[in-house]
Every structure is written in C-alpha cells, then in structure tokens.
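Chemist: Okay, handing you the structure first.
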Amino acid sequence: MIRIAKAVRGKRTVLLGMGAHPIKVGLSPLLIDWMEKAFLKGIGINGASVIHDLEVALIGHTSEEVEEELSKGTFGMVRETHERVNHSIQRG
C-alpha cells in the first residue's frame with residue numbers, strides 16, 4: 001500500500017489486475033470508490049469477474065459456488081448469465 005500511495009501522490013498511473021474473488025465477496029463498492037477518487041486508473045479482470053459482477057448486479061449474489069462448479073466443469077453455465085453477457089457483447 002505504501003508504493004500505491006506514493007504512486008498516487010506522484011500522479012502516476014495505478015492499475016489493478018485481479019481475479020473474481022473481490023467481486024464475489026462484495027468489494028465492488030471499494031473498487032468503485034478507488035476509481036472515483038482516481039487512486040486507480042483501470043482494473044483488468046478475468047471472465048469469472050464478469051460473471052460475478054453481472055449476477056451481483058442482477059440478483060444481489062452469485063448463483064454458484066465456484067469450487068464446486070469448476071470441478072464439474074459447469075462454472076458460469078447458468079443460462080441467464082451467459083445470455084445477458086453475450087447480449088451485452090453483441091450490443092457493445
């Protein structure tokens with residue numbers, strides 16, 4: 001955190017690369033706050049982050065337990081999730 005604070009004070013660009021767990025456990029408001037305050041200039045995420053973010057936005061929680069679903073090869077296979085993600089991609 002000291003290096004991040006020093007970079008922000010020095011008006012340097014700070015980017016965050018992360019997996020899906022911060023979103024899954026409810027840290028999106030914190031990430032948004034950091035973006036709004038310009039502590040972060042951008043966030044790189046993976047596909048699971050998109051799934052979790054969509055589900056939290058739509059229903060307030062994620063629909064799957066990742067570890068259980070990954071082992072079965074079914075993570076992200078809830079029909080409504082992939083339909084909405086693909087619709088958004090097509091519209092974008």
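Scheme for the structure tokens: letters A, B, ... for chains in order shown; per-chain residue numbers from 1; ligand numbers from 1 in order shown.
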List as a count of residues only the protein and nucleic acid residues near Leu27 in chain A, meaning an atom at most 12 Å away when only C-alpha atoms are counted, but skip any in the same chain fewer than 3 places from it.
Modeler: 15
Chemist: Residues of range 13-48 of chain A classed as strand (DSSP E or B) by DSSP on the backbone are to be reported as a ChimeraX atom specification.
Modeler: /A:15-17,42-44
Chemist: Please dump the current selection as a compact mmCIF listing (two decimals), in the first residue's frame; keep all heavy atoms.
Modeler:
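File produced: result-v6.txt:
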```txt
# COMPACT_ATOMS: atom_id res chain seq x y z
N LEU A 15 -2.74 0.72 -11.93
CA LEU A 15 -3.67 -0.23 -12.50
C LEU A 15 -3.77 -1.44 -11.58
O LEU A 15 -2.78 -1.80 -10.95
CB LEU A 15 -3.21 -0.68 -13.89
CG LEU A 15 -2.98 0.42 -14.92
CD1 LEU A 15 -2.35 -0.16 -16.18
CD2 LEU A 15 -4.29 1.11 -15.25
N LEU A 16 -4.93 -2.06 -11.52
CA LEU A 16 -5.13 -3.25 -10.70
C LEU A 16 -5.50 -4.41 -11.59
O LEU A 16 -6.43 -4.31 -12.40
CB LEU A 16 -6.26 -2.99 -9.68
CG LEU A 16 -6.72 -4.20 -8.87
CD1 LEU A 16 -5.60 -4.69 -7.94
CD2 LEU A 16 -7.96 -3.85 -8.07
N GLY A 17 -4.77 -5.50 -11.49
CA GLY A 17 -5.12 -6.74 -12.15
C GLY A 17 -5.62 -7.69 -11.07
O GLY A 17 -4.99 -7.85 -10.03
N GLY A 42 -7.45 2.08 -13.79
CA GLY A 42 -8.06 0.99 -14.54
C GLY A 42 -7.96 -0.31 -13.78
O GLY A 42 -7.13 -0.46 -12.88
N ILE A 43 -8.85 -1.24 -14.12
CA ILE A 43 -8.87 -2.57 -13.49
C ILE A 43 -8.96 -3.60 -14.60
O ILE A 43 -9.85 -3.54 -15.45
CB ILE A 43 -10.07 -2.73 -12.53
CG1 ILE A 43 -10.03 -1.67 -11.43
CG2 ILE A 43 -10.08 -4.13 -11.93
CD1 ILE A 43 -11.24 -1.68 -10.50
N GLY A 44 -8.02 -4.54 -14.59
CA GLY A 44 -8.05 -5.67 -15.51
C GLY A 44 -8.64 -6.87 -14.78
O GLY A 44 -8.23 -7.18 -13.67
```
Chemist: Taking the backbone alone, and naming residues the way the document does, which bits of chain A are helix (DSSP H, G or I) by DSSP, as a tab-separated table (two decimals) with all heavy atoms, in the first residue's frame?
Modeler:
```
chain	number	residue	atom	x	y	z
A	2	ILE	N	2.03	1.20	0.59
A	2	ILE	CA	2.89	2.38	0.62
A	2	ILE	C	3.29	2.77	-0.80
A	2	ILE	O	3.28	3.95	-1.15
A	2	ILE	CB	4.13	2.13	1.52
A	2	ILE	CG1	3.67	2.01	2.97
A	2	ILE	CG2	5.15	3.25	1.34
A	2	ILE	CD1	4.76	1.59	3.92
A	3	ARG	N	3.64	1.79	-1.62
A	3	ARG	CA	4.03	2.10	-3.01
A	3	ARG	C	2.85	2.66	-3.80
A	3	ARG	O	3.02	3.54	-4.63
A	3	ARG	CB	4.58	0.86	-3.68
A	3	ARG	CG	5.95	0.50	-3.21
A	3	ARG	CD	6.48	-0.66	-3.98
A	3	ARG	NE	7.86	-0.89	-3.61
A	3	ARG	CZ	8.63	-1.76	-4.20
A	3	ARG	NH1	8.17	-2.48	-5.20
A	3	ARG	NH2	9.86	-1.93	-3.82
A	4	ILE	N	1.67	2.14	-3.55
A	4	ILE	CA	0.48	2.65	-4.25
A	4	ILE	C	0.24	4.11	-3.84
A	4	ILE	O	0.01	4.97	-4.69
A	4	ILE	CB	-0.76	1.78	-3.97
A	4	ILE	CG1	-0.56	0.40	-4.60
A	4	ILE	CG2	-2.02	2.45	-4.50
A	4	ILE	CD1	-1.62	-0.61	-4.22
A	5	ALA	N	0.28	4.39	-2.53
A	5	ALA	CA	0.07	5.76	-2.05
A	5	ALA	C	1.12	6.70	-2.64
A	5	ALA	O	0.79	7.82	-3.06
A	5	ALA	CB	0.12	5.79	-0.52
A	6	LYS	N	2.36	6.25	-2.70
A	6	LYS	CA	3.43	7.08	-3.26
A	6	LYS	C	3.18	7.34	-4.75
A	6	LYS	O	3.36	8.46	-5.22
A	6	LYS	CB	4.77	6.36	-3.05
A	6	LYS	CG	5.96	7.19	-3.42
A	6	LYS	CD	7.24	6.44	-3.05
A	6	LYS	CE	8.46	7.27	-3.38
A	6	LYS	NZ	9.71	6.59	-3.01
A	7	ALA	N	2.73	6.33	-5.46
A	7	ALA	CA	2.44	6.49	-6.88
A	7	ALA	C	1.28	7.46	-7.10
A	7	ALA	O	1.34	8.31	-7.99
A	7	ALA	CB	2.12	5.13	-7.50
A	8	VAL	N	0.23	7.34	-6.29
A	8	VAL	CA	-0.92	8.25	-6.41
A	8	VAL	C	-0.50	9.68	-6.13
A	8	VAL	O	-0.85	10.61	-6.87
A	8	VAL	CB	-2.08	7.80	-5.49
A	8	VAL	CG1	-3.17	8.86	-5.43
A	8	VAL	CG2	-2.65	6.47	-5.94
A	9	ARG	N	0.26	9.88	-5.05
A	9	ARG	CA	0.74	11.24	-4.72
A	9	ARG	C	1.63	11.80	-5.83
A	9	ARG	O	1.63	12.99	-6.08
A	9	ARG	CB	1.49	11.23	-3.39
A	9	ARG	CG	0.57	11.18	-2.18
A	9	ARG	CD	1.30	11.49	-0.90
A	9	ARG	NE	2.41	10.59	-0.61
A	9	ARG	CZ	2.31	9.42	0.02
A	9	ARG	NH1	1.16	9.00	0.47
A	9	ARG	NH2	3.38	8.68	0.22
A	21	HIS	N	-12.58	-12.99	-7.06
A	21	HIS	CA	-12.99	-13.06	-5.66
A	21	HIS	C	-13.32	-11.72	-5.02
A	21	HIS	O	-14.26	-11.64	-4.23
A	21	HIS	CB	-11.98	-13.86	-4.84
A	21	HIS	CG	-12.18	-15.33	-5.00
A	21	HIS	ND1	-11.61	-16.04	-6.02
A	21	HIS	CD2	-12.94	-16.19	-4.29
A	21	HIS	CE1	-12.00	-17.30	-5.93
A	21	HIS	NE2	-12.81	-17.42	-4.90
A	22	PRO	N	-12.60	-10.63	-5.32
A	22	PRO	CA	-13.02	-9.36	-4.72
A	22	PRO	C	-14.46	-9.00	-5.06
A	22	PRO	O	-15.20	-8.47	-4.21
A	22	PRO	CB	-12.04	-8.35	-5.31
A	22	PRO	CG	-10.80	-9.17	-5.59
A	22	PRO	CD	-11.34	-10.50	-6.06
A	23	ILE	N	-14.90	-9.30	-6.27
A	23	ILE	CA	-16.28	-9.03	-6.64
A	23	ILE	C	-17.22	-10.01	-5.95
A	23	ILE	O	-18.25	-9.62	-5.40
A	23	ILE	CB	-16.44	-9.08	-8.18
A	23	ILE	CG1	-15.65	-7.94	-8.80
A	23	ILE	CG2	-17.92	-9.02	-8.57
A	23	ILE	CD1	-15.55	-7.99	-10.30
A	24	LYS	N	-16.85	-11.28	-5.95
A	24	LYS	CA	-17.70	-12.31	-5.35
A	24	LYS	C	-17.95	-12.03	-3.86
A	24	LYS	O	-19.04	-12.28	-3.37
A	24	LYS	CB	-17.08	-13.69	-5.51
A	24	LYS	CG	-17.95	-14.81	-4.95
A	24	LYS	CD	-17.45	-16.16	-5.35
A	24	LYS	CE	-18.23	-17.29	-4.73
A	24	LYS	NZ	-19.64	-17.33	-5.06
A	28	SER	N	-16.82	-4.68	-4.62
A	28	SER	CA	-17.01	-3.75	-5.75
A	28	SER	C	-17.17	-2.30	-5.30
A	28	SER	O	-16.58	-1.41	-5.93
A	28	SER	CB	-18.21	-4.17	-6.60
A	28	SER	OG	-17.94	-5.38	-7.25
A	29	PRO	N	-17.94	-2.01	-4.24
A	29	PRO	CA	-18.05	-0.61	-3.83
A	29	PRO	C	-16.70	0.03	-3.48
A	29	PRO	O	-16.47	1.20	-3.77
A	29	PRO	CB	-18.97	-0.66	-2.60
A	29	PRO	CG	-19.80	-1.88	-2.83
A	29	PRO	CD	-18.85	-2.87	-3.47
A	30	LEU	N	-15.81	-0.74	-2.90
A	30	LEU	CA	-14.48	-0.23	-2.58
A	30	LEU	C	-13.70	0.07	-3.86
A	30	LEU	O	-13.06	1.12	-3.99
A	30	LEU	CB	-13.72	-1.24	-1.71
A	30	LEU	CG	-12.31	-0.87	-1.31
A	30	LEU	CD1	-12.31	0.37	-0.43
A	30	LEU	CD2	-11.65	-2.03	-0.59
A	31	LEU	N	-13.76	-0.85	-4.81
A	31	LEU	CA	-13.06	-0.65	-6.08
A	31	LEU	C	-13.61	0.57	-6.82
A	31	LEU	O	-12.85	1.36	-7.39
A	31	LEU	CB	-13.17	-1.90	-6.95
A	31	LEU	CG	-12.55	-3.17	-6.35
A	31	LEU	CD1	-12.90	-4.38	-7.20
A	31	LEU	CD2	-11.06	-3.02	-6.18
A	32	ILE	N	-14.93	0.72	-6.82
A	32	ILE	CA	-15.55	1.89	-7.45
A	32	ILE	C	-15.08	3.17	-6.77
A	32	ILE	O	-14.75	4.15	-7.45
A	32	ILE	CB	-17.09	1.76	-7.41
A	32	ILE	CG1	-17.53	0.61	-8.33
A	32	ILE	CG2	-17.76	3.08	-7.80
A	32	ILE	CD1	-18.97	0.18	-8.12
A	33	ASP	N	-15.04	3.17	-5.45
A	33	ASP	CA	-14.58	4.34	-4.70
A	33	ASP	C	-13.15	4.70	-5.09
A	33	ASP	O	-12.84	5.87	-5.31
A	33	ASP	CB	-14.68	4.06	-3.20
A	33	ASP	CG	-14.27	5.25	-2.36
A	33	ASP	OD1	-14.84	6.35	-2.54
A	33	ASP	OD2	-13.36	5.09	-1.51
A	34	TRP	N	-12.28	3.71	-5.20
A	34	TRP	CA	-10.89	3.97	-5.59
A	34	TRP	C	-10.80	4.53	-7.00
A	34	TRP	O	-9.96	5.38	-7.28
A	34	TRP	CB	-10.06	2.70	-5.48
A	34	TRP	CG	-9.81	2.25	-4.06
A	34	TRP	CD1	-10.09	2.94	-2.92
A	34	TRP	CD2	-9.24	1.02	-3.66
A	34	TRP	NE1	-9.71	2.19	-1.83
A	34	TRP	CE2	-9.19	1.01	-2.25
A	34	TRP	CE3	-8.76	-0.09	-4.35
A	34	TRP	CZ2	-8.68	-0.05	-1.52
A	34	TRP	CZ3	-8.26	-1.15	-3.63
A	34	TRP	CH2	-8.21	-1.13	-2.23
A	35	MET	N	-11.68	4.06	-7.89
A	35	MET	CA	-11.70	4.61	-9.25
A	35	MET	C	-12.20	6.05	-9.24
A	35	MET	O	-11.63	6.92	-9.89
A	35	MET	CB	-12.58	3.75	-10.16
A	35	MET	CG	-12.03	2.36	-10.44
A	35	MET	SD	-10.65	2.33	-11.59
A	35	MET	CE	-11.49	2.76	-13.10
A	36	GLU	N	-13.28	6.30	-8.49
A	36	GLU	CA	-13.83	7.66	-8.42
A	36	GLU	C	-12.85	8.65	-7.81
A	36	GLU	O	-12.82	9.81	-8.20
A	36	GLU	CB	-15.15	7.65	-7.65
A	36	GLU	CG	-16.28	7.00	-8.42
A	36	GLU	CD	-17.55	6.85	-7.62
A	36	GLU	OE1	-17.53	6.98	-6.37
A	36	GLU	OE2	-18.60	6.58	-8.25
A	47	GLY	N	-12.72	-13.48	-16.91
A	47	GLY	CA	-14.11	-13.80	-17.26
A	47	GLY	C	-14.99	-14.11	-16.07
A	47	GLY	O	-16.17	-13.75	-16.05
A	48	ALA	N	-14.44	-14.74	-15.06
A	48	ALA	CA	-15.23	-15.04	-13.86
A	48	ALA	C	-15.67	-13.76	-13.17
A	48	ALA	O	-16.76	-13.69	-12.59
A	48	ALA	CB	-14.42	-15.91	-12.90
A	49	SER	N	-14.86	-12.71	-13.26
A	49	SER	CA	-15.23	-11.42	-12.68
A	49	SER	C	-16.47	-10.87	-13.35
A	49	SER	O	-17.35	-10.31	-12.69
A	49	SER	CB	-14.09	-10.41	-12.83
A	49	SER	OG	-12.93	-10.87	-12.18
A	50	VAL	N	-16.54	-11.02	-14.66
A	50	VAL	CA	-17.70	-10.55	-15.40
A	50	VAL	C	-18.95	-11.29	-14.94
A	50	VAL	O	-20.01	-10.69	-14.71
A	50	VAL	CB	-17.49	-10.73	-16.92
A	50	VAL	CG1	-18.74	-10.39	-17.70
A	50	VAL	CG2	-16.31	-9.91	-17.40
A	51	ILE	N	-18.83	-12.60	-14.78
A	51	ILE	CA	-19.96	-13.42	-14.34
A	51	ILE	C	-20.43	-12.97	-12.96
A	51	ILE	O	-21.62	-12.73	-12.73
A	51	ILE	CB	-19.59	-14.92	-14.35
A	51	ILE	CG1	-19.39	-15.39	-15.78
A	51	ILE	CG2	-20.65	-15.75	-13.63
A	51	ILE	CD1	-18.75	-16.75	-15.91
A	52	HIS	N	-19.50	-12.86	-12.02
A	52	HIS	CA	-19.88	-12.46	-10.66
A	52	HIS	C	-20.47	-11.05	-10.63
A	52	HIS	O	-21.47	-10.80	-9.96
A	52	HIS	CB	-18.68	-12.53	-9.72
A	52	HIS	CG	-18.25	-13.91	-9.38
A	52	HIS	ND1	-19.13	-14.93	-9.10
A	52	HIS	CD2	-17.01	-14.45	-9.27
A	52	HIS	CE1	-18.45	-16.03	-8.83
A	52	HIS	NE2	-17.16	-15.76	-8.93
A	53	ASP	N	-19.87	-10.13	-11.36
A	53	ASP	CA	-20.35	-8.75	-11.36
A	53	ASP	C	-21.78	-8.68	-11.90
A	53	ASP	O	-22.63	-8.00	-11.33
A	53	ASP	CB	-19.41	-7.87	-12.18
A	53	ASP	CG	-19.71	-6.39	-12.02
A	53	ASP	OD1	-19.87	-5.94	-10.86
A	53	ASP	OD2	-19.78	-5.70	-13.03
A	54	LEU	N	-22.04	-9.38	-12.98
A	54	LEU	CA	-23.38	-9.40	-13.55
A	54	LEU	C	-24.39	-9.97	-12.57
A	54	LEU	O	-25.46	-9.39	-12.35
A	54	LEU	CB	-23.39	-10.22	-14.85
A	54	LEU	CG	-24.77	-10.40	-15.47
A	54	LEU	CD1	-25.27	-9.09	-16.07
A	54	LEU	CD2	-24.74	-11.49	-16.53
A	55	GLU	N	-24.06	-11.08	-11.95
A	55	GLU	CA	-25.01	-11.72	-11.03
A	55	GLU	C	-25.25	-10.88	-9.78
A	55	GLU	O	-26.39	-10.77	-9.32
A	55	GLU	CB	-24.54	-13.13	-10.68
A	55	GLU	CG	-24.60	-14.05	-11.87
A	55	GLU	CD	-24.21	-15.47	-11.58
A	55	GLU	OE1	-23.47	-15.73	-10.60
A	55	GLU	OE2	-24.65	-16.35	-12.33
A	56	VAL	N	-24.21	-10.27	-9.25
A	56	VAL	CA	-24.39	-9.40	-8.08
A	56	VAL	C	-25.28	-8.21	-8.46
A	56	VAL	O	-26.17	-7.82	-7.71
A	56	VAL	CB	-23.04	-8.94	-7.51
A	56	VAL	CG1	-23.22	-7.86	-6.47
A	56	VAL	CG2	-22.29	-10.12	-6.90
A	57	ALA	N	-25.06	-7.66	-9.65
A	57	ALA	CA	-25.87	-6.52	-10.10
A	57	ALA	C	-27.34	-6.92	-10.29
A	57	ALA	O	-28.24	-6.15	-9.95
A	57	ALA	CB	-25.31	-5.96	-11.40
A	58	LEU	N	-27.57	-8.11	-10.81
A	58	LEU	CA	-28.93	-8.54	-11.12
A	58	LEU	C	-29.70	-9.08	-9.92
A	58	LEU	O	-30.88	-8.77	-9.74
A	58	LEU	CB	-28.93	-9.61	-12.22
A	58	LEU	CG	-28.52	-9.14	-13.60
A	58	LEU	CD1	-28.46	-10.32	-14.55
A	58	LEU	CD2	-29.51	-8.11	-14.13
A	59	ILE	N	-29.02	-9.91	-9.11
A	59	ILE	CA	-29.76	-10.61	-8.05
A	59	ILE	C	-29.17	-10.44	-6.66
A	59	ILE	O	-29.68	-10.98	-5.69
A	59	ILE	CB	-29.92	-12.12	-8.37
A	59	ILE	CG1	-28.56	-12.81	-8.53
A	59	ILE	CG2	-30.77	-12.32	-9.61
A	59	ILE	CD1	-28.62	-14.31	-8.73
A	66	VAL	N	-18.06	-21.50	-6.77
A	66	VAL	CA	-17.06	-21.67	-7.82
A	66	VAL	C	-16.33	-23.01	-7.72
A	66	VAL	O	-16.25	-23.74	-8.70
A	66	VAL	CB	-16.03	-20.51	-7.78
A	66	VAL	CG1	-14.93	-20.72	-8.80
A	66	VAL	CG2	-16.74	-19.19	-8.01
A	67	GLU	N	-15.81	-23.32	-6.55
A	67	GLU	CA	-15.02	-24.55	-6.41
A	67	GLU	C	-15.82	-25.78	-6.82
A	67	GLU	O	-15.35	-26.65	-7.55
A	67	GLU	CB	-14.51	-24.69	-4.98
A	67	GLU	CG	-13.52	-25.82	-4.81
A	67	GLU	CD	-12.90	-25.84	-3.42
A	67	GLU	OE1	-12.76	-24.76	-2.81
A	67	GLU	OE2	-12.57	-26.94	-2.97
A	68	GLU	N	-17.04	-25.85	-6.35
A	68	GLU	CA	-17.91	-26.99	-6.67
A	68	GLU	C	-18.21	-27.06	-8.17
A	68	GLU	O	-18.13	-28.13	-8.78
A	68	GLU	CB	-19.21	-26.87	-5.88
A	68	GLU	CG	-20.21	-27.97	-6.15
A	68	GLU	CD	-21.50	-27.75	-5.39
A	68	GLU	OE1	-21.47	-27.16	-4.28
A	68	GLU	OE2	-22.55	-28.17	-5.91
A	69	GLU	N	-18.53	-25.91	-8.77
A	69	GLU	CA	-18.90	-25.89	-10.18
A	69	GLU	C	-17.70	-26.09	-11.10
A	69	GLU	O	-17.83	-26.73	-12.14
A	69	GLU	CB	-19.63	-24.59	-10.52
A	69	GLU	CG	-20.92	-24.38	-9.75
A	69	GLU	CD	-21.93	-25.50	-9.91
A	69	GLU	OE1	-22.03	-26.08	-11.01
A	69	GLU	OE2	-22.62	-25.81	-8.93
A	70	LEU	N	-16.53	-25.54	-10.72
A	70	LEU	CA	-15.34	-25.73	-11.55
A	70	LEU	C	-14.98	-27.20	-11.67
A	70	LEU	O	-14.64	-27.69	-12.74
A	70	LEU	CB	-14.16	-24.96	-10.97
A	70	LEU	CG	-14.02	-23.50	-11.36
A	70	LEU	CD1	-12.83	-22.88	-10.64
A	70	LEU	CD2	-13.89	-23.31	-12.84
A	71	SER	N	-15.08	-27.91	-10.55
A	71	SER	CA	-14.70	-29.33	-10.56
A	71	SER	C	-15.63	-30.15	-11.45
A	71	SER	O	-15.25	-31.19	-11.97
A	71	SER	CB	-14.68	-29.89	-9.14
A	71	SER	OG	-15.99	-29.92	-8.59
A	72	LYS	N	-16.86	-29.66	-11.66
A	72	LYS	CA	-17.82	-30.35	-12.54
A	72	LYS	C	-17.79	-29.81	-13.96
A	72	LYS	O	-18.47	-30.32	-14.84
A	72	LYS	CB	-19.25	-30.22	-11.98
A	72	LYS	CG	-19.45	-30.89	-10.64
A	72	LYS	CD	-20.90	-30.91	-10.22
A	72	LYS	CE	-21.45	-29.52	-10.05
A	72	LYS	NZ	-22.82	-29.48	-9.49
A	79	ARG	N	-27.92	-20.28	-17.47
A	79	ARG	CA	-28.39	-19.79	-18.76
A	79	ARG	C	-28.55	-18.27	-18.80
A	79	ARG	O	-28.08	-17.61	-19.73
A	79	ARG	CB	-29.71	-20.46	-19.13
A	79	ARG	CG	-30.17	-20.11	-20.54
A	79	ARG	CD	-31.54	-20.58	-20.77
A	79	ARG	NE	-32.26	-19.93	-19.67
A	79	ARG	CZ	-33.55	-19.70	-19.61
A	79	ARG	NH1	-34.30	-20.12	-20.51
A	79	ARG	NH2	-34.12	-19.08	-18.62
A	80	GLU	N	-29.20	-17.71	-17.81
A	80	GLU	CA	-29.46	-16.26	-17.83
A	80	GLU	C	-28.16	-15.45	-17.82
A	80	GLU	O	-28.08	-14.41	-18.45
A	80	GLU	CB	-30.32	-15.85	-16.63
A	80	GLU	CG	-31.72	-16.41	-16.65
A	80	GLU	CD	-31.84	-17.83	-16.12
A	80	GLU	OE1	-30.82	-18.42	-15.70
A	80	GLU	OE2	-32.96	-18.37	-16.13
A	81	THR	N	-27.17	-15.95	-17.10
A	81	THR	CA	-25.89	-15.23	-17.04
A	81	THR	C	-25.25	-15.14	-18.41
A	81	THR	O	-24.91	-14.06	-18.88
A	81	THR	CB	-24.94	-15.91	-16.04
A	81	THR	OG1	-25.54	-15.89	-14.75
A	81	THR	CG2	-23.60	-15.20	-15.99
A	82	HIS	N	-25.08	-16.26	-19.07
A	82	HIS	CA	-24.38	-16.20	-20.36
A	82	HIS	C	-25.23	-15.52	-21.42
A	82	HIS	O	-24.70	-14.85	-22.31
A	82	HIS	CB	-23.85	-17.56	-20.82
A	82	HIS	CG	-24.88	-18.55	-21.26
A	82	HIS	ND1	-25.47	-18.48	-22.48
A	82	HIS	CD2	-25.41	-19.62	-20.63
A	82	HIS	CE1	-26.33	-19.48	-22.61
A	82	HIS	NE2	-26.31	-20.18	-21.51
A	83	GLU	N	-26.55	-15.62	-21.33
A	83	GLU	CA	-27.39	-14.90	-22.29
A	83	GLU	C	-27.20	-13.39	-22.16
A	83	GLU	O	-27.08	-12.67	-23.14
A	83	GLU	CB	-28.87	-15.25	-22.09
A	83	GLU	CG	-29.24	-16.62	-22.63
A	83	GLU	CD	-30.68	-17.00	-22.33
A	83	GLU	OE1	-31.38	-16.27	-21.59
A	83	GLU	OE2	-31.12	-18.03	-22.85
A	84	ARG	N	-27.18	-12.89	-20.92
A	84	ARG	CA	-27.03	-11.45	-20.71
A	84	ARG	C	-25.62	-10.97	-21.07
A	84	ARG	O	-25.46	-9.90	-21.64
A	84	ARG	CB	-27.38	-11.09	-19.28
A	84	ARG	CG	-28.88	-11.20	-19.04
A	84	ARG	CD	-29.22	-10.87	-17.61
A	84	ARG	NE	-30.61	-11.13	-17.36
A	84	ARG	CZ	-31.54	-10.18	-17.24
A	84	ARG	NH1	-31.21	-8.92	-17.38
A	84	ARG	NH2	-32.78	-10.49	-17.01
A	85	VAL	N	-24.60	-11.77	-20.74
A	85	VAL	CA	-23.24	-11.38	-21.10
A	85	VAL	C	-23.11	-11.32	-22.62
A	85	VAL	O	-22.60	-10.35	-23.17
A	85	VAL	CB	-22.20	-12.35	-20.49
A	85	VAL	CG1	-20.83	-12.12	-21.11
A	85	VAL	CG2	-22.15	-12.19	-18.98
A	86	ASN	N	-23.58	-12.35	-23.31
A	86	ASN	CA	-23.48	-12.36	-24.77
A	86	ASN	C	-24.30	-11.25	-25.41
A	86	ASN	O	-23.85	-10.63	-26.37
A	86	ASN	CB	-23.90	-13.73	-25.33
A	86	ASN	CG	-22.85	-14.78	-25.06
A	86	ASN	OD1	-21.67	-14.48	-25.01
A	86	ASN	ND2	-23.27	-16.01	-24.87
A	87	HIS	N	-25.46	-10.95	-24.86
A	87	HIS	CA	-26.27	-9.84	-25.36
A	87	HIS	C	-25.52	-8.52	-25.23
A	87	HIS	O	-25.51	-7.69	-26.15
A	87	HIS	CB	-27.61	-9.78	-24.61
A	87	HIS	CG	-28.47	-8.63	-25.02
A	87	HIS	ND1	-29.15	-8.60	-26.21
A	87	HIS	CD2	-28.75	-7.47	-24.39
A	87	HIS	CE1	-29.80	-7.46	-26.30
A	87	HIS	NE2	-29.58	-6.75	-25.21
A	88	SER	N	-24.87	-8.33	-24.08
A	88	SER	CA	-24.11	-7.10	-23.87
A	88	SER	C	-22.94	-6.98	-24.84
A	88	SER	O	-22.66	-5.90	-25.36
A	88	SER	CB	-23.59	-7.05	-22.43
A	88	SER	OG	-24.66	-7.02	-21.52
A	89	ILE	N	-22.26	-8.09	-25.08
A	89	ILE	CA	-21.15	-8.10	-26.03
A	89	ILE	C	-21.64	-7.73	-27.43
A	89	ILE	O	-21.04	-6.91	-28.13
A	89	ILE	CB	-20.44	-9.46	-26.04
A	89	ILE	CG1	-19.71	-9.67	-24.70
A	89	ILE	CG2	-19.49	-9.58	-27.23
A	89	ILE	CD1	-19.22	-11.09	-24.49
A	90	GLN	N	-22.76	-8.31	-27.83
A	90	GLN	CA	-23.31	-8.04	-29.16
A	90	GLN	C	-23.72	-6.58	-29.31
A	90	GLN	O	-23.50	-5.97	-30.35
A	90	GLN	CB	-24.51	-8.94	-29.45
A	90	GLN	CG	-24.12	-10.38	-29.64
A	90	GLN	CD	-25.30	-11.32	-29.71
A	90	GLN	OE1	-26.45	-10.91	-29.47
A	90	GLN	NE2	-25.05	-12.57	-30.02
A	91	ARG	N	-24.28	-6.00	-28.25
A	91	ARG	CA	-24.71	-4.60	-28.31
A	91	ARG	C	-23.53	-3.64	-28.26
A	91	ARG	O	-23.60	-2.54	-28.78
A	91	ARG	CB	-25.65	-4.29	-27.16
A	91	ARG	CG	-27.01	-4.95	-27.36
A	91	ARG	CD	-28.04	-4.38	-26.49
A	91	ARG	NE	-28.15	-2.95	-26.78
A	91	ARG	CZ	-28.94	-2.14	-26.13
A	91	ARG	NH1	-29.67	-2.59	-25.14
A	91	ARG	NH2	-29.01	-0.87	-26.43
```
